[in-house]
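Each remark here refers to the structure printed beneath this line.
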Amino acid sequence: MILYGPPGTGKTYNTVNYAVSIVEKKEIDEVVEEAKNDREGVFKRYKKYLSEKKIVFTTFHQNYSYEEFIQGIRANTNNTDQLSFIKQDGVFKDLVERAKNDRENYYVMIIDEINRGNISRIFGELITLIEDDKRLNQPNETLVTLPSKEVFAVPSNLFILGTMNTADKSIAPIDIALRRRFEFIPMYTDYSVIKDFEHILKPINKSIYEKKRSADYMIGHAFFVNKELKDLKKIANNKIIPLLNEYFNGRENDVIEVLSRGGINTIINEDTFQIEYYDGNDI
């Protein structure tokens with residue numbers, strides 16, 4: 001599955017809940033509810049599974065390769081007399097082997113920013129193998145031969161969990177092959193966790209939606225979590241305004257209008273926006 005949504009909506013944060021629920025074979029709602037009361041306890045179990053390599057976390061980027069993910073061949077530097085090469089398993093291949101040797105337990109590969117990578121280059125033949133019916137011991141079980149001549153397949157007790165930032169349009173659209181093979185779970189702003197800022201952020205997001213005609217660019221709650229109204233100036237100047245400048249290609253009037261909808265007044269100062277003041281009574 002892939003958790004997708006605008007920046008700051010807790011996609012990476014929530015991979016902890018999803019991964020723990022998978023490893024522990026629980027419903028996601030059960031773990032989410034538990035995390036509301038004891039996030040530290042859930043995260044402690046998540047770190048335990050990381051240390052046991054039942055969960056593996058990686059982040060895709062534009063230079064991420066098949067060799068890093070599946071398998072590569074590297075020179076054997078231990079032999080100084082004769083040049084030789086040895087195979088080196090990537091993070092996913094290593095996790096596959098663990099899952100195949102422990103079929104009673106569930107394993108999870110978390111891929112942060114999955115749409116930043118070149119999917120066809122990274123996944124290679126894996127794009128076929130991860131389909132449910134083509135896993136090991138499934139009706140259409142599919143085996144492939146890796147460049148190392150090793151026969152490779154993916155077991156059914158291994159799950160892939162990705163995140164995708166919908167506001168990042170500087171990268172290629174998500175590969176259609178992933179759209180067919182993954183379940184996409186939307187994640188948007190949760191105003192219930194930032195009650196002090198709800199009256200500010202809601203109209204800002206409404207204004208962004210009206211101008212961009214898309215929910216992909218809204219601002220997430222993570223920018224305001226565990227903050228107070230006195231922190232608004234710093235949040236706006238360091239986080240929100242730079243983001244809005246990207247969204248609107250530096251068009252000052254659009255940025256000022258969006259901010260004003262949330263009751264944030266601005267002035268132009270040396271080609272950058274700065275918060276002039278905030279008065280909660282004006283909302």
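Chain identifiers are assigned as A, B, and so on, following the order in which chains appear in the structure tokens; residues are numbered from 1 within each chain, and ligands are numbered from 1 in order of appearance.
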
Subject >> Lys227 (chain A) environment, 12 Å, only C-alpha atoms, sequence neighbours closer than 3 positions dropped, as a VMD selection string >> reply: chain A and resid 193 to 197 221 to 224 230 to 235

Could you write out that same residue set with C-alpha atoms as a tab-separated table (two decimals), in the first residue's frame?
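Everything below was put into out37.tsv:
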chain	number	residue	atom	x	y	z
A	193	VAL	CA	-4.83	17.41	16.53
A	194	ILE	CA	-4.17	21.15	16.15
A	195	LYS	CA	-7.24	22.77	17.70
A	196	ASP	CA	-5.37	26.03	18.41
A	197	PHE	CA	-4.59	26.45	14.73
A	221	HIS	CA	-1.07	19.53	10.42
A	222	ALA	CA	2.48	18.35	11.19
A	223	PHE	CA	3.80	21.92	10.88
A	224	PHE	CA	1.67	22.90	13.90
A	230	LYS	CA	3.03	32.34	19.93
A	231	ASP	CA	5.00	30.08	17.57
A	232	LEU	CA	2.94	31.14	14.54
A	233	LYS	CA	5.39	33.76	13.30
A	234	LYS	CA	8.27	31.28	13.23
A	235	ILE	CA	6.15	28.55	11.63

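Distance annotation: of A:Leu3, A:Ala167, A:Leu229, A:Leu143, the residue with the minimal separation from Ser214 (chain A) is A:Ala167; atom set is only C-alpha atoms.
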
Original post:
So how far away is CA of Phe60 (chain A) from CA of Asn115 (chain A), in Å?
Top reply: 7.5 Å

Spatial neighbours of Asn140 (chain A), 10 Å, only C-alpha atoms, chain gap at least 5 places, as an mmCIF file with N, CA and C atoms, in the first residue's frame:
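Final file, selection.cif:
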data_model
loop_
_atom_site.group_PDB
_atom_site.id
_atom_site.type_symbol
_atom_site.label_atom_id
_atom_site.label_comp_id
_atom_site.auth_asym_id
_atom_site.auth_seq_id
_atom_site.Cartn_x
_atom_site.Cartn_y
_atom_site.Cartn_z
ATOM 1 N N LEU A 129 6.696 -9.765 -9.774
ATOM 2 C CA LEU A 129 6.724 -10.736 -8.677
ATOM 3 C C LEU A 129 5.920 -10.313 -7.455
ATOM 4 N N GLU A 131 2.943 -9.032 -7.311
ATOM 5 C CA GLU A 131 1.503 -9.236 -7.417
ATOM 6 C C GLU A 131 1.083 -10.433 -6.559
ATOM 7 N N ASP A 132 -0.088 -10.313 -5.944
ATOM 8 C CA ASP A 132 -0.547 -11.345 -4.996
ATOM 9 C C ASP A 132 -0.528 -12.747 -5.588
ATOM 10 N N ASP A 133 -1.059 -12.904 -6.794
ATOM 11 C CA ASP A 133 -1.197 -14.248 -7.354
ATOM 12 C C ASP A 133 0.102 -14.802 -7.920
ATOM 13 N N LYS A 134 1.154 -13.950 -7.958
ATOM 14 C CA LYS A 134 2.437 -14.398 -8.501
ATOM 15 C C LYS A 134 3.491 -14.628 -7.417
ATOM 16 N N ARG A 135 3.064 -14.540 -6.171
ATOM 17 C CA ARG A 135 3.975 -14.812 -5.056
ATOM 18 C C ARG A 135 4.241 -16.319 -4.952
#

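Note that the spacing between CA of Leu146 (chain A) and CA of Phe92 (chain A) amounts to 13.4 Å.
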
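The interatomic distance for the pair CA of Glu24 (chain A) and CA of Lys48 (chain A) works out to 12.1 Å.
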
**OP:** Mind listing the helix (DSSP H, G or I) residues of region 35-172 of chain A, per DSSP on the backbone, as a PyMOL selection string?
**Re:** chain A and resi 35-51+66-69+91-100+114-116+119-123+126-129+132-134

Subject >> Given only C-alpha atoms as the counted atoms, nearest of A:Ala19, A:Leu158, A:Leu243, A:Ala35 to Glu104 (chain A) >> reply: A:Leu158
